[in-house]
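Raw my_file.csv, CSV, C-alpha atoms:
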```csv
chain,number,residue,atom,x,y,z
A,1,MET,CA,-56.3,-13.5,12.9
A,2,LYS,CA,-52.8,-13.6,11.5
A,3,GLN,CA,-54.0,-11.7,8.4
A,4,TYR,CA,-55.8,-9.1,10.7
A,5,LYS,CA,-52.5,-8.5,12.6
A,6,GLN,CA,-50.6,-8.0,9.3
A,7,LEU,CA,-53.2,-5.6,8.0
A,8,LEU,CA,-53.2,-3.6,11.3
A,9,CYS,CA,-49.4,-3.4,11.3
A,10,GLY,CA,-49.3,-2.3,7.7
A,11,TRP,CA,-52.0,0.4,8.4
A,12,ILE,CA,-50.0,1.7,11.5
A,13,LEU,CA,-46.8,1.8,9.4
A,14,ALA,CA,-48.5,3.7,6.6
A,15,MET,CA,-50.1,6.2,9.0
A,16,GLY,CA,-46.7,6.7,10.8
A,17,LEU,CA,-44.9,7.4,7.5
A,18,THR,CA,-47.7,9.8,6.4
A,19,ALA,CA,-47.4,11.7,9.6
A,20,CYS,CA,-43.7,12.3,9.0
A,21,GLY,CA,-44.2,15.4,6.8
A,22,GLY,CA,-40.6,16.5,7.2
A,23,GLY,CA,-41.5,20.1,7.9
A,24,GLY,CA,-39.1,22.3,9.7
A,25,GLY,CA,-42.0,23.3,11.8
A,26,GLY,CA,-42.0,25.5,14.9
A,27,GLY,CA,-44.9,27.6,13.7
A,28,ASP,CA,-42.8,30.6,12.7
A,29,ASN,CA,-42.7,32.2,9.3
A,30,ALA,CA,-39.1,31.2,8.6
A,31,SER,CA,-40.2,28.1,6.8
A,32,SER,CA,-42.4,30.0,4.3
A,33,GLY,CA,-40.1,29.1,1.4
A,34,SER,CA,-38.4,32.5,0.9
A,35,PRO,CA,-34.7,32.7,1.6
A,36,PRO,CA,-33.3,35.1,4.2
A,37,ALA,CA,-32.2,38.5,3.0
A,38,ASP,CA,-28.5,37.8,3.7
A,39,ALA,CA,-28.7,34.7,1.5
A,40,ILE,CA,-30.0,36.8,-1.4
A,41,ALA,CA,-27.1,39.4,-1.0
A,42,SER,CA,-24.4,36.7,-0.9
A,43,SER,CA,-25.8,35.0,-4.1
A,44,GLU,CA,-25.3,38.2,-6.0
A,45,GLU,CA,-21.5,38.3,-5.3
A,46,GLU,CA,-19.2,37.2,-8.0
A,47,PRO,CA,-18.1,33.5,-7.7
A,48,VAL,CA,-14.5,32.8,-6.9
A,49,THR,CA,-12.7,31.1,-9.8
A,50,MET,CA,-9.1,29.9,-10.3
A,51,ALA,CA,-8.5,32.8,-12.7
A,52,SER,CA,-9.6,35.4,-10.0
A,53,ILE,CA,-7.1,34.2,-7.4
A,54,LYS,CA,-4.1,36.5,-7.1
A,55,VAL,CA,-0.7,34.9,-6.2
A,56,ALA,CA,2.6,36.6,-5.6
A,57,PRO,CA,5.0,36.2,-8.5
A,58,GLY,CA,7.6,33.5,-7.8
A,59,TYR,CA,5.3,31.6,-5.4
A,60,ASP,CA,6.4,28.0,-5.3
A,61,PHE,CA,3.4,25.6,-5.5
A,62,THR,CA,5.4,22.4,-5.2
A,63,THR,CA,4.6,20.3,-2.1
A,64,SER,CA,7.6,18.0,-2.3
A,65,GLN,CA,11.4,18.2,-2.5
A,66,GLN,CA,14.2,16.0,-3.6
A,67,LEU,CA,16.7,14.8,-1.0
A,68,GLU,CA,20.0,13.3,-2.0
A,69,VAL,CA,21.1,10.6,0.5
A,70,ASN,CA,24.6,9.0,0.7
A,71,VAL,CA,25.3,6.3,3.2
A,72,ASP,CA,28.6,4.5,3.6
A,73,VAL,CA,28.8,1.7,6.1
A,74,SER,CA,31.5,-0.2,4.2
A,75,THR,CA,33.9,0.3,7.2
A,76,MET,CA,31.5,-1.7,9.4
A,77,THR,CA,31.0,-4.7,7.1
A,78,ASP,CA,31.6,-5.9,3.6
A,79,GLN,CA,28.5,-8.1,3.8
A,80,ARG,CA,24.9,-7.3,2.9
A,81,ALA,CA,23.2,-4.4,4.7
A,82,TYR,CA,19.6,-3.0,4.5
A,83,ILE,CA,19.3,0.7,4.6
A,84,ALA,CA,15.9,2.3,5.2
A,85,PHE,CA,14.5,5.8,5.7
A,86,TYR,CA,11.4,6.6,7.7
A,87,GLN,CA,9.2,9.7,8.1
A,88,ASN,CA,7.7,8.7,11.5
A,89,TRP,CA,9.0,6.9,14.6
A,90,SER,CA,8.3,6.5,18.2
A,91,GLY,CA,10.6,6.7,21.2
A,92,SER,CA,13.4,9.2,21.6
A,93,ASP,CA,15.8,10.4,18.9
A,94,SER,CA,18.6,8.4,20.7
A,95,ASN,CA,16.5,5.2,20.7
A,96,PRO,CA,14.0,5.4,17.8
A,97,VAL,CA,11.5,2.7,16.8
A,98,PRO,CA,10.5,3.2,13.1
A,99,ASN,CA,6.9,3.2,12.0
A,100,PRO,CA,6.8,0.7,9.1
A,101,ASP,CA,3.9,2.6,7.4
A,102,SER,CA,6.1,5.7,7.0
A,103,GLN,CA,8.9,4.0,5.2
A,104,LEU,CA,10.2,6.1,2.3
A,105,LEU,CA,12.9,3.8,1.0
A,106,MET,CA,14.6,0.5,1.8
A,107,LYS,CA,17.5,-0.7,-0.3
A,108,VAL,CA,19.8,-3.7,-0.1
A,109,THR,CA,23.4,-3.1,-0.6
A,110,ASP,CA,26.2,-5.6,-0.8
A,111,ASN,CA,29.1,-3.2,-0.7
A,112,GLY,CA,27.8,-1.0,2.2
A,113,LYS,CA,27.2,2.1,0.1
A,114,LEU,CA,24.0,3.8,-1.0
A,115,SER,CA,23.5,6.9,-3.1
A,116,GLN,CA,19.9,7.7,-3.8
A,117,THR,CA,17.5,10.6,-4.3
A,118,ILE,CA,14.3,10.3,-2.4
A,119,THR,CA,11.2,12.6,-2.6
A,120,ILE,CA,9.8,13.9,0.6
A,121,GLY,CA,7.2,16.5,1.6
A,122,LYS,CA,8.3,20.1,2.1
A,123,GLN,CA,6.8,20.0,5.6
A,124,GLN,CA,9.1,17.1,6.6
A,125,GLN,CA,11.5,18.5,9.2
A,126,SER,CA,13.4,15.3,10.1
A,127,LEU,CA,13.9,11.7,9.0
A,128,LEU,CA,15.1,8.5,10.5
A,129,MET,CA,17.8,6.4,8.8
A,130,VAL,CA,18.1,2.7,9.9
A,131,VAL,CA,20.8,0.3,8.8
A,132,MET,CA,20.4,-3.4,9.6
A,133,PHE,CA,23.1,-5.9,8.8
A,134,ALA,CA,22.9,-9.5,7.6
A,135,ASP,CA,25.6,-10.2,10.1
A,136,THR,CA,23.6,-10.1,13.3
A,137,SER,CA,26.7,-9.6,15.5
A,138,ILE,CA,26.7,-6.0,14.3
A,139,ASN,CA,24.2,-3.8,16.0
A,140,PRO,CA,21.8,-1.8,13.8
A,141,VAL,CA,22.6,1.8,13.1
A,142,THR,CA,20.0,4.5,13.6
A,143,ASP,CA,20.3,8.2,12.9
A,144,VAL,CA,17.7,10.9,13.2
A,145,PHE,CA,18.6,13.9,11.1
A,146,ALA,CA,17.2,17.3,10.2
A,147,VAL,CA,16.1,18.0,6.7
A,148,ASP,CA,17.6,21.3,5.8
A,149,GLY,CA,17.2,21.4,2.0
A,150,GLY,CA,20.7,20.0,1.4
A,151,GLY,CA,21.6,16.4,1.2
A,152,TYR,CA,22.3,13.8,3.8
A,153,ALA,CA,25.5,11.9,4.3
A,154,TYR,CA,26.3,9.1,6.8
A,155,PRO,CA,28.8,9.0,8.5
```

Using structure tokens, write down the structure from this file.
Amino acid sequence: MKQYKQLLCGWILAMGLTACGGGGGGGDNASSGSPPADAIASSEEEPVTMASIKVAPGYDFTTSQQLEVNVDVSTMTDQRAYIAFYQNWSGSDSNPVPNPDSQLLMKVTDNGKLSQTITIGKQQQSLLMVVMFADTSINPVTDVFAVDGGGYAYP
């Protein structure tokens, strides 16, 4: 009996798979195997290649830019400070919360000064600078600034 059920299930499965012909079916002549006329016309067009693309002379293909950042918090402390730059943050510009996944740079400084060049995307319009101090009695410093092609200096 068990063998009979297995044989019956196998037969039903085989018939079910055979019935799935995969035809596009609706009974019309569109599935006759010949491509539509507009497909034939478009296949006769010349393919687009890199050599056939025309670009204005002097077009800048770079997607990134260099930003010189200079931070000096030596007047606030002479102890260790952590200076970081972020692309994304939540909250308002006056009380930003940085997104750790968007961190561009974090440097430790013992003299309160940082001079560094960072690479950012040309589409980046503003960045967040955060300075945290080893001395917890000093509040962290945050500054949201516009990227204008020049450098950045704090303060």

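When all atoms listed in the file are used to measure the gap to Val130 of chain A, the shortest distance among A:Val97, A:Ala84, A:Val69, A:Ala56 belongs to A:Ala84.
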
Distance atom CA of Gln66 of chain A-atom CA of Ile118 of chain A, one decimal place? 5.8 Å

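You can rank A:Pro57, A:Ala51, A:Pro100, A:Ala134 by their closest distance to Gln79 of chain A using only C-alpha atoms, and at the top of that list sits A:Ala134.
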
Which residues are near Val108 of chain A? Cut-off 7 Å, all atoms listed in the file, ignore same chain within fewer than 6 positions. Put them as a list in words. Arg80, Ala81, Tyr82 and Ile83 of chain A

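The space between atom CA of Leu105 of chain A and atom CA of Thr136 of chain A spans 21.4 Å.
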
Restricting the calculation to all atoms listed in the file: of A:Asp93, A:Asp101, A:Asp110, A:Glu68, which residue gets closest to Thr142 of chain A? A:Asp93

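Proximity ranking of A:Gln116, A:Leu127, A:Gly10, A:Asn111 relative to Ser74 of chain A places A:Asn111 first, based on all atoms listed in the file.
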
Using atom CA of Ser94 of chain A and atom CA of Thr63 of chain A as the two end points, give the distance in Å to one decimal. 29.3 Å

Who sits within 7 Å of Tyr86 of chain A, only C-alpha atoms, same chain under 2 positions skipped, as a compact mmCIF listing (two decimals) with C-alpha atoms, in the frame of the given file:
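Contents of the output file selection25.txt:
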```txt
# COMPACT_ATOMS: atom_id res chain seq x y z
CA ALA A 84 15.90 2.30 5.20
CA ASN A 88 7.70 8.70 11.50
CA PRO A 98 10.50 3.20 13.10
CA SER A 102 6.10 5.70 7.00
CA GLN A 103 8.90 4.00 5.20
CA LEU A 104 10.20 6.10 2.30
CA LEU A 127 13.90 11.70 9.00
CA LEU A 128 15.10 8.50 10.50
CA MET A 129 17.80 6.40 8.80
```

Show which residues sit within 7 Å of Ser64 of chain A, as number ranges by chain. Count all atoms listed in the file, and ignore same-chain residues fewer than 5 positions away. A: 119-122

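Counting only C-alpha atoms and comparing A:Pro96, A:Pro140, A:Val71, A:Ser90, the residue that lies closest to Thr109 of chain A is A:Val71.
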